[in-house]
Every structure is written in C-alpha cells, then in structure tokens.
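Here's the structure, in structure tokens; my notes come after.
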Amino acid sequence: MSELLITNANILGYFPVPPDRPLRGAELSMAHSISEQYILIRDARITAIGPMEQVPVNVTTQIDASGRFVLPAWCDSHTHLVFSHTREQEFEMRLNGKTYEEIAASGGGILNSALRLRAMDESTLYDLSYQRFKAVQQMGTGAIEIKSGYGLDEASELKMLRVIRRLKETNEIPVKATFLGAHAIPPEFKQNRKGYLDLVLDHMLPRIADEGLADYIDAFCDTGFFTPDETARIIEAGAGYGIKAKIHANELAVSGGVEVGVRLGAVSVDHLEQMDDCSIATLSKSSTIGTMLPGCAFFLGLTNPRAREMINAGVALALATDYNPGTAPSGNMNFIVSLACIKLKMTPIEAIQAATLNGAFAMELDSIVGSVTPGKLANLIITQPMQSPAVIPYSFGESMIEKVILNGRVI
C-alpha cells in the first residue's frame, strides 16, 4: 500500500461528498475552500481530509503545503491532442491577412492535418501523441478528452481512436475518446456530402461502436462545415449505439448547433464564441454544459464568448484548451484560466472551478476527479507559495505550480 500525507493544506475546490451537478451562476464564484487541513492519500485515492490537530501519525511520505493552495488537477474536456504535424505555415498566412475560412478553402486547416495524418504510421502517431500527453500532465492536467477527426477516412479515423485507446490504457490520467468523423468534408467527397456522411454513419460508426473505441460522438456544426440537420442525424446515429454527443457549436457563426445539441441531449456544446440571446437562453434552461475554448479565440482573433452573460443566465460553463495544431496549439490549462479572467472577465475562482469541477462534468468524470473529495482520485495541484489563488491567472506568463500529483504520486 502506498501512502502520501499532505499537511497544512489550504484546499480550493473542497467538497466533502462529490457534487451531483455542475456549478451554475453564483455557485461558480463560491471558492469551496478550507484551510489548515491534512489530506491523506492511499493507493491513488484521497482517503481522508481533516484539520491539522487530527493529522495521522506514522505516514512516512509527507508534503508540507504551508502557504500554498491545493486544488484539483485541471480537467481538459475538449482537445485534439492526437495529430501528426504542426501548422505554423498557416499561422504565418493569418499574419499576412488570410482568414480561417480562406485557409480552409485553399486546402489548409483540418484537411491539411488529415492528409498528413493519413500518411503517418500508427506507431509514430502514438509516440508523438504520448509526448504531448505527458507534457500536459506536467502542466497540471489530470483528466482529458481527446477527439479523432484528423483522419476523415475509415482507416485513419480508426487509427486515431486506437492511439487514444492506448493513451487511455496507460492509466496515467482518465481519458475520454470522441469520434469526430464529421470534422470536415474530405477532398475526395467535396461534391458528395451525403456520400461522406453515409460513410461516417453507416461504415465508420458501426465499427467504432463494435470495437468500443469512442465514449462520445461529435460534429463541427458551423458555417462551411455541417448543418444542424446533418448534426442531428449524426447525434441520433450515435445514440443508436449508446454513444452520447459532444458538439462543436457556434465558433464561426450562430449556427444552430447549441439548439440541436440541447434538443438531443448532448453532454456539452463547445466553442460558443458566437452566441445570441436565444442560444444563451436555450443553454441556460438545459443540462447541457457550455464549454468555452478561449485559447482558440485568442489565437484566431475571434470574438470572445459572452461568459459573463452566460454565467448570469445560469449556464453551466466549463473551460478547455481545444489543443490542436491549427487554431489552438497549446495544451496549457493554466493559460486558459488566465485568458478566462483577462478576456472573458471571469473571476479567478469562477475560472478555476470551470476548469476543474465543471470540466469533469463535461466528461462525465465528476465521480472521480474535479474536486478535492474523499474517495476521488488523488489528482491534485500544489501551488507555489501565494496569498491568494488569484495569483494563478494573474501570473499568466509563468507556472505557479510547484507540484503535480497524479494517482497519488508526485510526477
């Protein structure tokens, strides 16, 4: 039996029992903090939390967290971490005035990544992805969702999902896999949209479901990609195999993706850079989580999500990186929390809780991660010495993490 004792901990995100729903509205700004506590960890789980006057004795391995905060590891609920090559050439194209849509129309964007991934063997793809997987853990990520969608043919989508399964099987952090065959229309189907959707739903999906490769199904419901009707067909097809939905919605325009996601019970609708009052109202009345990806808006110069209005309306909001080679080439959740404060005008506590507990709900991992709770995995961050957790987003250019603990071990 392995044991670790953290002493003198100022805990942020403390819940004595796992919350049964994500935080909304004013709840998001409640720190759920408790000071001068011990945290006892045994065999990867938080076993007990209590005041220092009751601290257990005879635990050999100890960490003194005096003057520091202990909080849940980040829960990154939207990434495209498995990809073959970076796309810095497109970065330069944008600096020279090309728009995202213009780059995509010229064969860049998602299609660029797809063509290059198709040519890469599975072993190399895994090795590259595993390097990124380890890197985000070092930055404090303790649970992650990873999408396919850079294959856009059956062999390549399966290849991506097998790589994600291998990452999941390392048991280093919880991983959720999402099938995003409907990420874009590949060049060979440019004049045959229906043919590609038929391939995704009648050939890829049955095989993926049979092999248990996906926890979720996704579609890019936006201008120039997939329509609300096509998205509904995709969600309903996934539901037929017992696979829930997570949807790209409202990145480039008010696309109807929020409404179709809510109507069909999607776990989350993600991006939300373009939200009108109707979309906000629809989302606020639902159990669907709105996942904001401020790294994408920052990198592309898009409109920032109307986070303050969505919080006031009672939307359950999460934060994630959108880590991908073209529009958000960073898996650093610390920077995402900073952007949420600086650009979205969220408070530090709101941003931290959206990036931890609500992110866990957006992956349906809330029973094991997302809060500092007895019985949950000991996936934790110990900060550097600081007077307030606001120092985390305030110090946007440097890491304020002193230690990352995953499965009860300092990594």
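Naming works like this for the structure tokens: A, B, ... for the chains as they're shown, residue 1 at the start of each chain, ligands 1 onward in shown order.
Excluding Gly181 (chain A) itself and any same-chain residue fewer than 6 positions from it, the protein and nucleic acid residues within 10 Å of it, counting only C-alpha atoms, are Lys147, Ser148, Gly149, Tyr150, Gly151, Leu152, Asp153, Glu154, Ser156, Glu157, Leu158, Tyr196, Leu197, Leu199, Val200, Leu201, Met204, Leu205, Ile217, Asp218, Ala219, Phe220 and Ile234 of chain A.
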Could you pull out all residues of region 103-316 of chain A with a DSSP call of alpha helix (DSSP H) and give them as a PyMOL selection string?
chain A and resi 103-105+110-118+122-138+154-169+193-199+205-210+228-240+257-263+277-284+294-300+307-313
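Excluding Pro56 (chain A) and any residue on its chain fewer than 4 positions from it, the residues at most 12 Å away by only C-alpha atoms are Glu3, Leu4, Leu5, Ile6, Thr7, Gln37, Tyr38, Ile39, Leu40, Ile41, Thr47, Ala48, Ile49, Gly50, Pro51, Met52, Thr60, Thr61 and Gln62 of chain A.
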Could you produce a table of the residues of region 177-272 of chain A lying within 10 Å of region 113-129 of chain A, with the nearest pair of atoms per residue and their separation in Å rounded to one decimal, using only C-alpha atoms, ordered by chain and increasing residue number, as JSON lines?
```
{"residue": "A:Ala184", "atom": "CA", "partner": "A:Ala114", "partner_atom": "CA", "distance": 9.6}
{"residue": "A:Pro186", "atom": "CA", "partner": "A:Ala114", "partner_atom": "CA", "distance": 8.2}
{"residue": "A:Pro187", "atom": "CA", "partner": "A:Leu115", "partner_atom": "CA", "distance": 9.5}
```
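Coordinates place CA of Ala316 (chain A) at a distance of 6.1 Å from CA of Gly290 (chain A).
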Using only C-alpha atoms for the distances, tell me which of A:Asn250, A:Ser33, A:Asn304, A:Asn324 is nearest to Gly109 (chain A).
A:Asn324
Going by DSSP on the backbone, which bits of region 220-306 of chain A are strand (DSSP E)? Write them as a list in words, please.
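Selection result, strand (DSSP E) within region 220-306 of chain A: Phe220, Cys221, Lys244, Ala245, Lys246, Ile247, His248, Ala249, Ser268, Val269, Asp270, His271, Ile289, Gly290, Thr291 and Met292 of chain A.
For the residues A:Ile392, A:Ile146, A:Val410, A:Val404, ranking by smallest atom-to-atom distance to Arg132 (chain A) using only C-alpha atoms places A:Ile146 first.
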Between CA of Leu302 (chain A) and CA of Leu95 (chain A), what is the spacing in Å?
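Spanning CA of Leu95 (chain A) to CA of Leu302 (chain A) is a straight-line distance of 13.9 Å.
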Determine, counting only C-alpha atoms, which protein, DNA and RNA residues have an atom within 7 Å of an atom of Phe69 (chain A); residues of the same chain fewer than 6 positions away are not included. Present the result as a VMD selection string.
chain A and resid 9 to 12 382 to 383
Pick the closest to Pro325 (chain A) from A:Tyr130, A:Phe299, A:Phe361, A:Phe179: which is it, counting only C-alpha atoms?
A:Phe299
Can you pull out every residue within 10 Å of region 86-92 of chain A, counting only C-alpha atoms, but drop anything in the same chain fewer than 2 positions away, and send it as a ChimeraX atom specification?
/A:83-84,94-100,103-104,108-109,112-113,299-300,324-327,329
Restrict the selected residues to C-alpha atoms and save them as an mmCIF file, in the first residue's frame.
```cif
data_model
loop_
_atom_site.group_PDB
_atom_site.id
_atom_site.type_symbol
_atom_site.label_atom_id
_atom_site.label_comp_id
_atom_site.auth_asym_id
_atom_site.auth_seq_id
_atom_site.Cartn_x
_atom_site.Cartn_y
_atom_site.Cartn_z
ATOM 1 C CA PHE A 83 -2.281 14.877 -34.627
ATOM 2 C CA SER A 84 0.685 14.355 -36.921
ATOM 3 C CA ARG A 94 -3.036 34.507 -40.934
ATOM 4 C CA LEU A 95 -0.401 37.073 -40.007
ATOM 5 C CA ASN A 96 -0.405 38.049 -43.687
ATOM 6 C CA GLY A 97 -4.159 38.619 -43.650
ATOM 7 C CA LYS A 98 -5.719 35.281 -44.610
ATOM 8 C CA THR A 99 -8.843 34.290 -42.669
ATOM 9 C CA TYR A 100 -9.503 30.862 -41.160
ATOM 10 C CA ILE A 103 -7.067 28.967 -45.376
ATOM 11 C CA ALA A 104 -9.531 26.071 -45.121
ATOM 12 C CA GLY A 108 -5.354 24.155 -45.298
ATOM 13 C CA GLY A 109 -6.859 23.745 -41.879
ATOM 14 C CA ASN A 112 -4.142 19.733 -44.229
ATOM 15 C CA SER A 113 -3.915 17.821 -40.952
ATOM 16 C CA PHE A 299 -5.105 32.560 -31.355
ATOM 17 C CA LEU A 300 -7.508 33.320 -34.210
ATOM 18 C CA ASN A 324 -4.902 21.284 -31.802
ATOM 19 C CA PRO A 325 -2.273 22.096 -34.434
ATOM 20 C CA GLY A 326 -4.154 24.789 -36.310
ATOM 21 C CA THR A 327 -6.288 27.014 -34.105
ATOM 22 C CA PRO A 329 -1.660 24.933 -30.425
#
```
With distances taken over only C-alpha atoms, which of A:Arg233, A:His32, A:Glu53, A:Gln191 is nearest to Pro19 (chain A)?
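Ranked by minimum distance to Pro19 (chain A), first place goes to A:His32.
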Please identify all polymer residues within 8 Å of Pro228 (chain A), counting only C-alpha atoms, omitting same-chain residues fewer than 4 positions from it, and present them as a PDB file with C-alpha atoms, in the first residue's frame.
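Written output follows (out.pdb):
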```
ATOM      1  CA  CYS A 221     -21.816  22.307 -36.632  1.00  0.00           C
ATOM      2  CA  ALA A 232     -28.880  15.920 -35.694  1.00  0.00           C
ATOM      3  CA  SER A 255     -25.023  28.036 -36.290  1.00  0.00           C
ATOM      4  CA  GLY A 256     -27.948  26.338 -34.564  1.00  0.00           C
ATOM      5  CA  GLY A 257     -25.501  23.883 -33.005  1.00  0.00           C
ATOM      6  CA  VAL A 260     -29.696  20.933 -31.767  1.00  0.00           C
TER       7      VAL A 260
END
```
Quick one: residues within 8 Å of Leu357 (chain A), only C-alpha atoms, excluding same-chain residues fewer than 5 positions away - as a list in words?
Gly13, Pro22, Leu23, Cys75, Asp366, Val369, Gly370 and Ser371 of chain A
Could those selected residues go to a file with N, CA and C atoms, as a JSON list (two decimals), in the first residue's frame?
```json
[["chain", "number", "residue", "atom", "x", "y", "z"],
["A", 13, "GLY", "N", -11.61, 24.09, -3.88],
["A", 13, "GLY", "CA", -12.37, 23.06, -4.58],
["A", 13, "GLY", "C", -12.65, 21.87, -3.68],
["A", 22, "PRO", "N", -23.12, 20.15, -12.09],
["A", 22, "PRO", "CA", -22.13, 21.23, -12.28],
["A", 22, "PRO", "C", -22.57, 22.52, -11.61],
["A", 23, "LEU", "N", -21.63, 23.41, -11.40],
["A", 23, "LEU", "CA", -21.90, 24.69, -10.76],
["A", 23, "LEU", "C", -22.46, 25.67, -11.79],
["A", 75, "CYS", "N", -9.16, 19.65, -15.57],
["A", 75, "CYS", "CA", -9.96, 18.69, -16.33],
["A", 75, "CYS", "C", -10.22, 19.29, -17.71],
["A", 366, "ASP", "N", -17.04, 13.29, -13.12],
["A", 366, "ASP", "CA", -17.19, 14.02, -11.88],
["A", 366, "ASP", "C", -17.17, 13.14, -10.63],
["A", 369, "VAL", "N", -12.86, 12.79, -10.42],
["A", 369, "VAL", "CA", -11.94, 13.93, -10.48],
["A", 369, "VAL", "C", -12.73, 15.22, -10.41],
["A", 370, "GLY", "N", -12.02, 16.35, -10.36],
["A", 370, "GLY", "CA", -12.67, 17.65, -10.45],
["A", 370, "GLY", "C", -12.84, 18.39, -9.14],
["A", 371, "SER", "N", -12.72, 17.68, -8.03],
["A", 371, "SER", "CA", -12.79, 18.31, -6.72],
["A", 371, "SER", "C", -11.88, 17.56, -5.76]]
```
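Checking A:Gly359, A:Pro374, A:Gly261, A:Pro348 one by one against Ser395 (chain A), counting only C-alpha atoms, you find the shortest gap at A:Pro348.
Interatomic distance, CA of Asp270 (chain A) against CA of Ala239 (chain A): 18.7 Å.
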